[in-house]
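Undergrad: After the structure tokens below, expect a handful of questions from me.
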Amino acid sequence: MFWVNKAHASSSIMPPQASNFAGPVDSLYDFLYWSSLISCILVIGGLVFFAFKYKRKTANDSTAYISHNATLEFLWSFIPFVIFLAVFAWGWKIFYDMKRAPKNAFEIHVVGQKWYWDFKYKSGKKTTGTFKVPYNKPIKLIMTSRDVLHSFYVPAFRIKQDVIPGRYTTLWFTATKLGTYQMFCTEYCGSGHSAMLAKVEVVPEAEFEEWLSDDPYKGLSMAEVGQKVFTQRCIACHNNTAEKKIGPGFKGLYGKERLIVAGTTLKDGKPMTVKADDNYLRESILNPNAKKAKGYENAVMTSFQGQLSDNELDGIIEYIKQLK
Amino acid sequence: MSSAADTSKNYLNHEKGLWSWLTTVDHKRIGIMYMITVLLFFAIGGAFAMLIRLELFAPGGTFEAQVYNQFMTFHGAIMVFMVIIPGIPAFLGNFVLPLHLGAKDVAFPKVNLMSWYCLIVGAIISFISLFYHGADTGWTFYTPYSIQTDNGTILLVLGAFVMGFSSILTGVNFVATTHRLRCKGMGFFQMPLFVWGLYSTAILQVIATPVLGITLLLLAAEKIMGIGFFDPKLGGDPVLFQHFFWFYSHPAVYIMILPAMGIISELITAFSRKVIFGYKAIAFSSVGIAAVSFFVWGHHMFVSGQSELAGVIFSFLTMLVGVPTAIKTFNWVATMYKGSIQFQSPMLYALGFLFLFTIGGVTGIMLATMAMDVHFHDTYFVVAHFHYVMVGGTLMAIMGGIYYWFPKMFGKMYSELGAQLSFVLIFVGFNVTFFPQFILGAKGMPRRYHDYPEAFSFLNSVSSIGSWTIGLGFIVALIVIIHGLLKGAKAPDNPWGAKTLEWQTTSPPPHENFYTDPVVTGGPYEYR
Ligand SMILES: [Cu+2]
Ligand SMILES: [Cu+2]
């Protein structure tokens with residue numbers, strides 16, 4: 001029976017059912033499909049039937065003069081009206097649920113940008129292009145865009161929501177089937193639109209937790225992330241005191257006037273002073289050869305361009321700032 | 001006037017030379033000029049469609065994504081603004097409306113000519129954009145993408161703005177004509193239903209088009225001067241643009257379909273030789289659809305981030321629009337009951353319309369259902385749906401209308417066999433092209449994709465093959481028309497035995513339409 005929430009056979013044109021919404025949406029679809037099919041058969045069948053039955057026989061056929069029929073006209077206005085109302089209410093009911101994420105839903109931040117998707121977990125874990133969700137747990141996506149409109153769409157989950165720069169939109173679902181599912185961008189966003197794809201992996205909760213706790217920065221504040229990065233990547237050459245190592249000590253560095261005597265950004269090699277603000281720190285980390293301070297003209301620091309995630313970069317800058 | 005001497009003189013040979021055409025204020029000649037321009041634009045828009053289907057024939061690329069996006073943008077913009085919107089009102093409507101009403105011309109003949117020039121100027125501006133990096137926003141110009149992309153978009157936007165005036169002027173003219181120039185004895189309920197369709201459309205054109213104009217100007221201002229209306233980077237709201245855009249573009253859907261429905265009423269009655277079933281129901285449903293269509297635009301935005309309540313209201317009102325649309329369909333089928341049905345090419349197109357429009361209609365209801373639309377929105381399901389309505393509906397009606405009024409326009413008959421052949425090619429090709437797209441959409445293939453995963457490849461190939469069949473069908477149709485113009489047998493005044501007024505004058509009609517002022521004593525479909 002078409003109104004029973006059944007798992008779709010592979011013969012259905014709908015994608016596999018992998019979320020709590022797939023079943024209800026497909027039941028609605030089945031109802032719409034069958035009632036549409038019946039309406040089409042009635043209208044088109046009637047058309048074809050009349051066309052053949054009342055084909056012109058002689059050049060001067062006289063025809064019946066039937067100008068209207070109140071009962072008939074009432075019926076064929078009223079019956080579609082009732083069906084449309086029913087369908088409207090049914091669609092609303094499911095939509096209503098789609099709009100209300102359970103309070104305990106597990107939140108993931110999604111950011112769209114030409115032309116890839118970033119996924120950020122509260123634990124600090126960050127992935128691009130693929131993300132994991134735990135099986136059978138409500139998930140809420142909090143989404144935004146860094147440039148133009150995009151839209152987040154997973155056919156197997158029957159969910160879709162536009163992603164808008166300058167504001168958050170949300171989406172929720174519970175994944176009900178293990179596996180990997182395709183995610184598409186469905187709002188036109190330029191030449192990479194059809195390549196702006198991602199995959200969502202539904203994994204058992206234990207596996208998910210393990211994957212999540214893989215994250216070295218789980219539950220850490222920004223400065224704590226920075227401290228971790230420092231002890232792992234910088235301590236070889238920098239102290240967190242004011243004492244000089246291979247490079248300068250970090251304590252008190254932030255906000256200091258630095259006398260720059262060498263570097264690729266110096267004009268005709270003329271020395272200048274620069275305040276060590278956020279951007280200076282950022283540049284020094286990503287492009288150390290841009291500005292070299294007095295006393296370190298010949299010392300070398302390797303660039304961290306592409307080595308640190310945004311989160312790590314923000315973290316280390318924050319850490320240096322706090323070393324007053 | 002002494003009619004015997006006059007019949008050799010008609011509107012076609014009333015004056016001679018290109019200049020006499022470019023400066024004419026005769027509604028029939030302006031209609032023919034619209035016919036030529038619209039068919040030309042249709043050929044260009046169709047060529048873009050063929051290129052789109054060529055790219056999508058198989059996964060992987062023939063064209064660069066950037067190039068493909070321009071094809072898709074120009075295909076949409078041309079077909080909407082230059083073909084379907086002017087197609088029926090400005091072309092067939094211009095020719096037929098005054099004849100239907102028993103009038104000598106439209107109310108403002110010079111304004112009528114001006115509207116044609118607006119279309120031409122707007123179209124030229126739009127095409128110039130092709131030489132300035134083109135435009136790659138899709139015909140919807142969604143912000144903030146349209147603000148951040150290349151500046152060729154500005155020209156396309158301004159072109160659409162200018163073409164809007166063409167539409168407004170035609171609308172004003174038709175409203176006035178319908179109110180003021182009906183012949184003696186013709187009340188509102190003696191008007192042919194095509195007039196009701198044109199009249200409702202004209203109201204929409206006058207009220208809705210200025211909103212599009214303003215929206216496009218705001219967009220241009222933001223692009224040129226950086227005033228922040230829609231781009232959040234400048235403090236604007238991108239979703240606001242969608243509201244403005246659809247406030248016009250949803251009624252525009254009815255600007256495209258209402259006059260088509262009018263034509264279908266003419267064709268079904270003439271070729272069934274029967275009075276229309278439910279004249280008033282059809283007439284009032286046109287006006288009803290026009291009125292409610294102003295309040296349904298948000299059904300394009302269920303997942304755009306508009307409020308949930310707005311979504312609910314828009315879904316509900318959209319369902320309401322479905323009712324009069326269903327009523328019309330039932331009325332047409334009922335009109336055929338106990339008729340005397342003849343399958344000449346205009347009727348074939350009318351039947352084709354009913355077939356395709358019914359499918360377009362039921363899938364429209366699916367899309368109006370909120371939870372269903374969440375899955376279907378911006379997929380190929382939507383692409384298939386609106387092609388079933390716009391092409392299967394409006395274009396079928398235009399083709400039917402061309403064949404129906406061709407003898408009246410040019411005083412010649414075309415090859416019926418050729419016309420039927422082109423119908424079969426177009427009808428079959430259409431279904432082969434667009435039916436698979438419903439399935440692609442349900443499976444989740446997003447629209448405006450330059451490339452797609454392997455899983456979608458079979459249905460896309462089928463669709464592309466269908467598109468070539470449609471292309472072939474239209475080439476045959478063009479040959480039939482040109483052949484009819486050059487070699488067609490002389491057409492009788494009333495080849496179909498129809499009852500509306502245009503068939504009571506000569507084919508082609510004289511400069512002032514009728515030799516004696518017509519007087520009407522009954523309805524337009526008095527087949528007894
Ligand atoms: Cu996109
Ligand atoms: Cu709409």
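Convention: chains lettered A, B, ... in structure tokens order; per-chain residue numbering from 1; ligands numbered from 1 as shown.
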Counting only C-alpha atoms and all ligand atoms, what are the residues, protein, DNA or RNA alike, that approach ligand 2 to within 6 Å? I want them as number ranges by chain.

TA: B: 250, 297, 300

Undergrad: With N, CA, C and O atoms retained, export the selected residues as an mmCIF file, in the first residue's frame.

TA:
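So the final result, stored in out.cif, reads:
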data_model
loop_
_atom_site.group_PDB
_atom_site.id
_atom_site.type_symbol
_atom_site.label_atom_id
_atom_site.label_comp_id
_atom_site.auth_asym_id
_atom_site.auth_seq_id
_atom_site.Cartn_x
_atom_site.Cartn_y
_atom_site.Cartn_z
ATOM 1 N N HIS B 250 7.196 35.041 -10.682
ATOM 2 C CA HIS B 250 6.104 34.076 -10.626
ATOM 3 C C HIS B 250 4.915 34.514 -11.466
ATOM 4 O O HIS B 250 4.472 33.765 -12.322
ATOM 5 N N TRP B 297 4.749 33.800 -4.809
ATOM 6 C CA TRP B 297 6.140 33.774 -5.268
ATOM 7 C C TRP B 297 7.072 32.975 -4.357
ATOM 8 O O TRP B 297 8.060 32.415 -4.810
ATOM 9 N N HIS B 300 9.097 29.440 -4.615
ATOM 10 C CA HIS B 300 10.420 29.209 -5.195
ATOM 11 C C HIS B 300 11.487 29.234 -4.113
ATOM 12 O O HIS B 300 12.668 29.098 -4.391
#

Undergrad: Using only C-alpha atoms, determine which residues of chain B fall within 7 Å of chain A; present them as a ChimeraX atom specification.

TA: /B:65-66,144-145,232,273-278,303-305,312,315-316,319,323,327,333,336-342,355,358-359,362,366,369-372,374-375,378,439,442-444,446,448-452,528

Undergrad: Could you write out, as a PyMOL selection string, all the residues of region 328-505 of chain B that DSSP marks as strand (DSSP E or B)?

TA: chain B and resi 341+379+412+446+490

Undergrad: How would the residues just chosen look if you wrote them out with C-alpha atoms as a PDB file, in the first residue's frame?

TA:
ATOM      1  CA  ILE B 341     -13.409  16.455 -33.875  1.00  0.00           C
ATOM      2  CA  THR B 379      17.164  19.539  -9.193  1.00  0.00           C
ATOM      3  CA  LYS B 412      -2.181  31.074 -47.863  1.00  0.00           C
ATOM      4  CA  PRO B 446      21.088  19.243  -9.284  1.00  0.00           C
ATOM      5  CA  LYS B 490      -4.838  30.496 -51.593  1.00  0.00           C
TER       6      LYS B 490
END

Undergrad: Which is closest to ligand 1 among A:Ala198, A:Ile142, A:Leu253, A:Leu171, if we use only C-alpha atoms and all ligand atoms?

TA: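 Result for the nearest residue to ligand 1: A:Ala198.
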
Undergrad: Calculate how many Å separate CA of Phe427 (chain B) from CA of Met50 (chain B), rounding to one decimal.

TA: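 Atom-to-atom, CA of Phe427 (chain B) and CA of Met50 (chain B) are spaced 16.7 Å apart.
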
Undergrad: Check the smallest atom-to-atom distance from each of A:Ala206, A:Val225, A:Met196, A:Ala262 to ligand 1 using only C-alpha atoms and all ligand atoms, then report the winner.

TA: A:Met196

Undergrad: Contacts of Tyr132 (chain B) at 10 Å or less, counting only C-alpha atoms, minus same-chain residues fewer than 3 places along, as an mmCIF file with C-alpha atoms, in the first residue's frame?

TA:
data_model
loop_
_atom_site.group_PDB
_atom_site.id
_atom_site.type_symbol
_atom_site.label_atom_id
_atom_site.label_comp_id
_atom_site.auth_asym_id
_atom_site.auth_seq_id
_atom_site.Cartn_x
_atom_site.Cartn_y
_atom_site.Cartn_z
ATOM 1 C CA PHE B 127 23.431 40.488 -26.949
ATOM 2 C CA ILE B 128 26.220 43.069 -26.684
ATOM 3 C CA SER B 129 27.010 41.597 -23.267
ATOM 4 C CA ALA B 135 26.942 36.704 -18.312
ATOM 5 C CA ASP B 150 31.989 39.802 -14.447
ATOM 6 C CA ASN B 151 30.455 43.062 -15.574
ATOM 7 C CA GLY B 152 28.920 41.675 -18.795
ATOM 8 C CA THR B 153 26.029 40.776 -16.523
ATOM 9 C CA ILE B 154 25.178 44.478 -16.224
ATOM 10 C CA LEU B 155 24.335 44.632 -19.919
#

Undergrad: Hey, what does DSSP flag as alpha helix (DSSP H) within region 39-169 of chain B? Can you give it to me as a ChimeraX atom specification?

TA: /B:39-56,65-77,85-86,94-101,109-128,145-148,152-169

Undergrad: Using only C-alpha atoms, which protein or nucleic acid residues come within 7 Å of region 107-112 of chain A? Drop anything in the same chain fewer than 4 positions from it, and give the result as a list in words.

TA: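 Skipping anything fewer than 4 positions along the chain leaves Tyr116, Trp117, Asp118, Phe119, Lys120, Tyr121, Lys122, Ile139, Lys140, Leu141, Ile142, Met143, Thr144, Ser145, Arg146 and His150 of chain A.
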
Undergrad: Could you dump the residues just selected with N, CA, C and O atoms as a compact mmCIF listing (two decimals), in the first residue's frame?

TA:
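The new file selection_29.txt reads:
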# COMPACT_ATOMS: atom_id res chain seq x y z
N TYR A 116 34.34 24.50 -2.11
CA TYR A 116 34.46 23.33 -1.23
C TYR A 116 33.69 23.56 0.06
O TYR A 116 33.27 24.68 0.36
N TRP A 117 33.53 22.47 0.79
CA TRP A 117 32.78 22.52 2.04
C TRP A 117 33.70 22.21 3.21
O TRP A 117 34.42 21.22 3.18
N ASP A 118 33.66 23.05 4.26
CA ASP A 118 34.39 22.80 5.50
C ASP A 118 33.41 22.35 6.56
O ASP A 118 32.30 22.88 6.65
N PHE A 119 33.84 21.39 7.37
CA PHE A 119 33.00 20.91 8.47
C PHE A 119 33.77 21.06 9.76
O PHE A 119 34.90 20.59 9.87
N LYS A 120 33.18 21.73 10.74
CA LYS A 120 33.87 21.96 12.00
C LYS A 120 33.06 21.37 13.14
O LYS A 120 31.87 21.65 13.26
N TYR A 121 33.73 20.56 13.94
CA TYR A 121 33.07 19.99 15.10
C TYR A 121 33.42 20.82 16.32
O TYR A 121 34.45 21.48 16.36
N LYS A 122 32.56 20.76 17.32
CA LYS A 122 32.82 21.57 18.52
C LYS A 122 34.13 21.20 19.18
O LYS A 122 34.77 22.01 19.83
N ILE A 139 21.48 15.00 14.32
CA ILE A 139 22.59 15.87 13.98
C ILE A 139 22.01 17.20 13.53
O ILE A 139 21.06 17.23 12.75
N LYS A 140 22.59 18.29 14.02
CA LYS A 140 22.14 19.60 13.56
C LYS A 140 23.30 20.29 12.87
O LYS A 140 24.40 20.36 13.42
N LEU A 141 23.06 20.77 11.66
CA LEU A 141 24.10 21.48 10.92
C LEU A 141 23.83 22.97 11.04
O LEU A 141 22.72 23.43 10.76
N ILE A 142 24.85 23.71 11.42
CA ILE A 142 24.74 25.16 11.48
C ILE A 142 25.62 25.69 10.37
O ILE A 142 26.83 25.51 10.39
N MET A 143 24.98 26.33 9.37
CA MET A 143 25.70 26.54 8.12
C MET A 143 25.80 28.01 7.73
O MET A 143 24.89 28.80 7.98
N THR A 144 26.89 28.35 7.10
CA THR A 144 27.01 29.67 6.51
C THR A 144 27.96 29.60 5.32
O THR A 144 28.51 28.55 5.04
N SER A 145 28.09 30.73 4.63
CA SER A 145 28.94 30.76 3.44
C SER A 145 29.95 31.88 3.58
O SER A 145 29.68 32.90 4.23
N ARG A 146 31.11 31.72 2.95
CA ARG A 146 32.10 32.78 2.99
C ARG A 146 32.01 33.71 1.79
O ARG A 146 32.63 34.75 1.75
N HIS A 150 25.22 29.06 -1.56
CA HIS A 150 25.40 27.65 -1.92
C HIS A 150 24.20 26.95 -1.32
O HIS A 150 23.38 27.56 -0.64

Undergrad: Using CA of Thr174 (chain A) and CA of Ala101 (chain A) as the two end points, give the distance in Å to one decimal.

TA: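 Going from CA of Thr174 (chain A) over to CA of Ala101 (chain A), I get 9.8 Å.
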
Undergrad: Write out as a VMD selection string the residues lying within 10 Å of Ala49 (chain B), counting only C-alpha atoms and excluding same-chain residues fewer than 4 positions away.

TA: chain B and resid 43 to 45 53 to 55 71 to 72 74 to 76 79 464 467 to 468 471

Undergrad: Determine, counting only C-alpha atoms, which protein, DNA and RNA residues have an atom within 10 Å of an atom of His243 (chain B); residues of the same chain fewer than 6 positions away are not included. Present the result as a list in words.

TA: Thr215, Ser249, Trp297, Gly298, His300, Met301 and Gln306 of chain B

Undergrad: With a distance cut-off of 10 Å and only C-alpha atoms, select the neighbouring residues of Leu258 (chain B), excluding the residue or stretch itself and same-chain residues fewer than 5 positions from it, and output the selection as a ChimeraX atom specification.

TA: /B:88-89,194,196-202,252-253,263-264,285-287,289-290,325,393-394
